[in-house]
Amino acid sequence: MKTMDIRGLVLINATSEAAAAPVALSPLPPALLEVAGKSPLQRTMERLRQFGIEQVTSVIEAEDAQILEVKNSSSIFASRDRFWRAAENAFNDIIQDGAELVILVRLGAYAEIEFEKLVQFHLDHHCRVTQVAHQSQPIEVFCISASRRNDAASLLRSQLSKCRSECPRFEHAGYLNPLASPLDLRQLAIDILTLKTETGATGKQIRPGVWVEDRAVIEKGARVVAPAFIGAFARVRTHAVITRCSSVEHHAQVDCGTVIENSTVLPYSCVGAGLDLAHSVVGLGSLANLRRDITIEVCDPKLIGYVSATPGQRVLNAALEFTTYLPKQIWDGLFGKSQPQQPDLKTALRQTSPALGSAAGYKASACDTEAAGEFASNLAIVRRYGHQ
Amino acid sequence: MDISSRPVVVKRMPERVNSRVAREFLRDVQPFLTTDRPQLVFDLSQVKQLDAAGVEMLLRCMSEAHKRDGDLKLAALSPPAAVVLELTRTERLFEIYETSTDAVRSFSGFLPNAMRQQLLHQKTAPAPLAA
């Protein structure tokens, strides 16, 4: 029995509506941003392979070396003005290579499509081009017959907005995330960690619901509450708390005593010591607060900073830090005041950030609900029987 | 009700509060802080960028005011300022009002209505996910 040759073509460009939004948080489009260890592009490719579509080509709009990490043999990079021409060429190459059907996906939105059913629908309806829809709204996923080269060319030339012939819709009932805003990025992390998506978090599950990738460092005294994800080379320093579906991506750092709650720390980002990061997405010196629906630039590396993406630069910075650290320790040992005792987790969480210099460690116990426990027990009795 | 006749000083904070601006601002408000029972309101409506030095300055002003049995209240927080105060766990240390007028009036009597917005915001925050 002869099997059908089906190939995949994935397009990623910044002109798509979704790709333009969370620019402040990363130079990469959302489709290339890693969420719980893998980018939507990697997840889409993985799913295509699961359905037996082994040969997948991606065409990515990129100007410089920002996409070095996603570079692989099946990726084509094109500048903005040459992007659609490159996509058309890639499509023609796939056909010339003997493909009979091409699954064309533009990311954009991340959808977990059942490609097997899509192909079956396409064949059953003898379509030239089939478009996928979600809740009757078209999404940019197509199944194209290779013999209909002109239809494909017209589709690509119109930037996927028009089809030359009638284009039946295949209704997709599965998972879809528009990836149009930081909120969607956060939602994707939550959905991955709560197993609502079919592709899961990467790394090893060290406890139920806690995924940690290789070379991640969780220092003694730090607490990671499930569900949570810690990426490769990420560092969670002592007394930090990672909780409520938070995701700390690769090479990110969370400093001492900081609480990360329902938040995503994007790759190479650093969150300073003693902070309270909740309902937010942090990336490259910016913070998107989802509750207030605002993205702000934080120019203070004591609060939000970033580490270099180039390994050489990181090594250089670490060496520099080390050379200044040793003399400082010797100086402090000889002439400095005695080191204050390291506070325990409970104390660390109730103080203001050490980033606040001399005002650091201001105890918020008066405003803390836990402070209720500090009242003398007889006060509680007075309250209870006050009316008698 | 305790009606206060002492003056309330309202100061508008600049757009960008970094360490240099914070130092200058602190120098400006120092004379008010060193009076007996100082009553200050900082209007943060213009603030677009607030860094750790700015928050440190706010805490220092508050503690100076407390030392002299006075108080510092914040008013009209811009979203970036509110985010940074939340991030640094300091928003719970201040009384925060919707407007400077409300903050000034709060020195002469408790204004639950003026604080309602803030409480509402806290209540409407997304419920924590079940872990």
# chains A, B, ... in the order shown; residues from 1 in each chain; ligands from 1
call {"tool": "closest_atom_pairs", "arguments": {"of": "chain B", "to": "chain A", "cutoff": "9 Å", "atoms": "only C-alpha atoms", "output": "CSV"}}
result
residue,atom,partner,partner_atom,distance
B:Asn18,CA,A:Asp300,CA,8.5
B:Lys48,CA,A:Ile296,CA,8.4
B:Gln49,CA,A:Val298,CA,7.1
B:Leu50,CA,A:Val298,CA,7.8
B:Asp51,CA,A:Asp300,CA,5.6
B:Ala52,CA,A:Leu356,CA,5.3
B:Ala53,CA,A:Leu356,CA,6.4
B:Gly54,CA,A:Leu356,CA,8.6
B:Val55,CA,A:Leu356,CA,6.8
B:Glu56,CA,A:Leu356,CA,5.0
B:Met57,CA,A:Ala359,CA,8.1
B:Leu59,CA,A:Ala359,CA,6.3
B:Arg60,CA,A:Ala359,CA,6.5
B:Pro79,CA,A:Arg292,CA,7.2
B:Pro80,CA,A:Ile296,CA,6.1
B:Val83,CA,A:Asn289,CA,7.2
B:Val84,CA,A:Val298,CA,8.5
B:Glu86,CA,A:Asp276,CA,6.8
B:Leu87,CA,A:Asp276,CA,4.7
B:Thr88,CA,A:Leu275,CA,4.9
B:Arg89,CA,A:Thr352,CA,5.6
B:Thr90,CA,A:Thr352,CA,6.5
B:Arg92,CA,A:Cys367,CA,6.3
B:Leu93,CA,A:Ala364,CA,6.7
B:Ala125,CA,A:Arg291,CA,6.7
B:Pro126,CA,A:Arg291,CA,7.5
B:Pro128,CA,A:Arg244,CA,7.1
B:Leu129,CA,A:Arg244,CA,6.1
B:Ala130,CA,A:Arg244,CA,7.4
B:Ala131,CA,A:Arg244,CA,5.9
call {"tool": "residues_around", "arguments": {"residues": "region 268-270 of chain A", "least_positions_apart": "3", "cutoff": "10 Å", "atoms": "only C-alpha atoms", "output": "list in words"}}
result
Leu25, Ser26, Phe233, Ala234, Arg235, Val248, Glu249, His250, His251, Ala252, Gln253, Val254, Asp255, Val265, Ala273, Val282, Gly283, Leu284, Gly285, Ser286, Pro301, Lys302, Leu303, Ile304, Gly305, Tyr306, Val307, Ser308 and Ala309 of chain A
call {"tool": "residues_around", "arguments": {"residues": "region 173-182 of chain A", "least_positions_apart": "6", "cutoff": "10 Å", "atoms": "only C-alpha atoms", "output": "PDB file with C-alpha atoms, in the first residue's frame"}}
result
ATOM      1  CA  SER A  16       0.963  38.911  11.474  1.00  0.00           C
ATOM      2  CA  GLU A  17      -1.418  40.591  13.906  1.00  0.00           C
ATOM      3  CA  ALA A  18      -0.433  38.435  16.830  1.00  0.00           C
ATOM      4  CA  ALA A  19       3.298  38.708  16.400  1.00  0.00           C
ATOM      5  CA  ALA A  20       3.408  42.444  16.802  1.00  0.00           C
ATOM      6  CA  ALA A  21       1.933  42.721  20.297  1.00  0.00           C
ATOM      7  CA  PRO A  22       4.347  41.704  23.062  1.00  0.00           C
ATOM      8  CA  VAL A  23       7.319  43.315  21.370  1.00  0.00           C
ATOM      9  CA  ALA A  24       8.420  45.120  24.516  1.00  0.00           C
ATOM     10  CA  LEU A  25       9.018  41.857  26.337  1.00  0.00           C
ATOM     11  CA  PRO A  29       7.715  36.967  17.906  1.00  0.00           C
ATOM     12  CA  PRO A  30       5.530  34.972  20.355  1.00  0.00           C
ATOM     13  CA  ALA A  31       5.762  31.903  18.144  1.00  0.00           C
ATOM     14  CA  PRO A  40       4.867  27.281  19.880  1.00  0.00           C
ATOM     15  CA  LEU A 107       2.005  31.177  13.674  1.00  0.00           C
ATOM     16  CA  GLY A 108       0.266  33.418  14.901  1.00  0.00           C
ATOM     17  CA  ALA A 109      -2.135  31.625  16.996  1.00  0.00           C
ATOM     18  CA  TYR A 110      -1.117  28.327  18.528  1.00  0.00           C
ATOM     19  CA  ALA A 111      -3.647  25.625  17.672  1.00  0.00           C
ATOM     20  CA  GLU A 112      -3.472  21.934  18.417  1.00  0.00           C
ATOM     21  CA  ILE A 113      -5.080  20.656  15.276  1.00  0.00           C
ATOM     22  CA  GLU A 114      -5.845  17.046  14.558  1.00  0.00           C
ATOM     23  CA  ALA A 133     -11.742  27.365  11.427  1.00  0.00           C
ATOM     24  CA  HIS A 134     -12.282  27.619  15.152  1.00  0.00           C
ATOM     25  CA  GLN A 135     -15.786  28.518  16.334  1.00  0.00           C
ATOM     26  CA  ILE A 139      -7.481  30.493  11.401  1.00  0.00           C
ATOM     27  CA  LEU A 188      -0.485  29.249  27.373  1.00  0.00           C
ATOM     28  CA  ASP A 191      -2.714  25.628  30.084  1.00  0.00           C
ATOM     29  CA  LYS A 196      -4.960  21.394  29.086  1.00  0.00           C
ATOM     30  CA  THR A 197      -2.725  21.223  26.037  1.00  0.00           C
ATOM     31  CA  GLU A 198      -1.560  18.041  24.403  1.00  0.00           C
ATOM     32  CA  THR A 264       6.073  33.999  33.490  1.00  0.00           C
ATOM     33  CA  SER A 280       2.775  39.315  35.237  1.00  0.00           C
ATOM     34  CA  VAL A 281       5.040  38.461  32.337  1.00  0.00           C
ATOM     35  CA  VAL A 282       8.627  39.667  32.639  1.00  0.00           C
ATOM     36  CA  LEU A 287       7.036  43.950  32.892  1.00  0.00           C
ATOM     37  CA  ALA A 288       3.517  43.291  31.656  1.00  0.00           C
ATOM     38  CA  ASN A 289       1.064  43.409  34.532  1.00  0.00           C
ATOM     39  CA  LEU A 290      -1.958  41.438  33.403  1.00  0.00           C
ATOM     40  CA  ASP A 293      -3.355  45.458  31.530  1.00  0.00           C
ATOM     41  CA  ILE A 294      -0.203  47.549  31.243  1.00  0.00           C
ATOM     42  CA  THR A 295       3.364  46.954  30.069  1.00  0.00           C
TER      43      THR A 295
END
call {"tool": "atom_distance", "arguments": {"atom1": "CA of Ser63 (chain B)", "atom2": "CA of Leu33 (chain B)"}}
result
9.7 Å
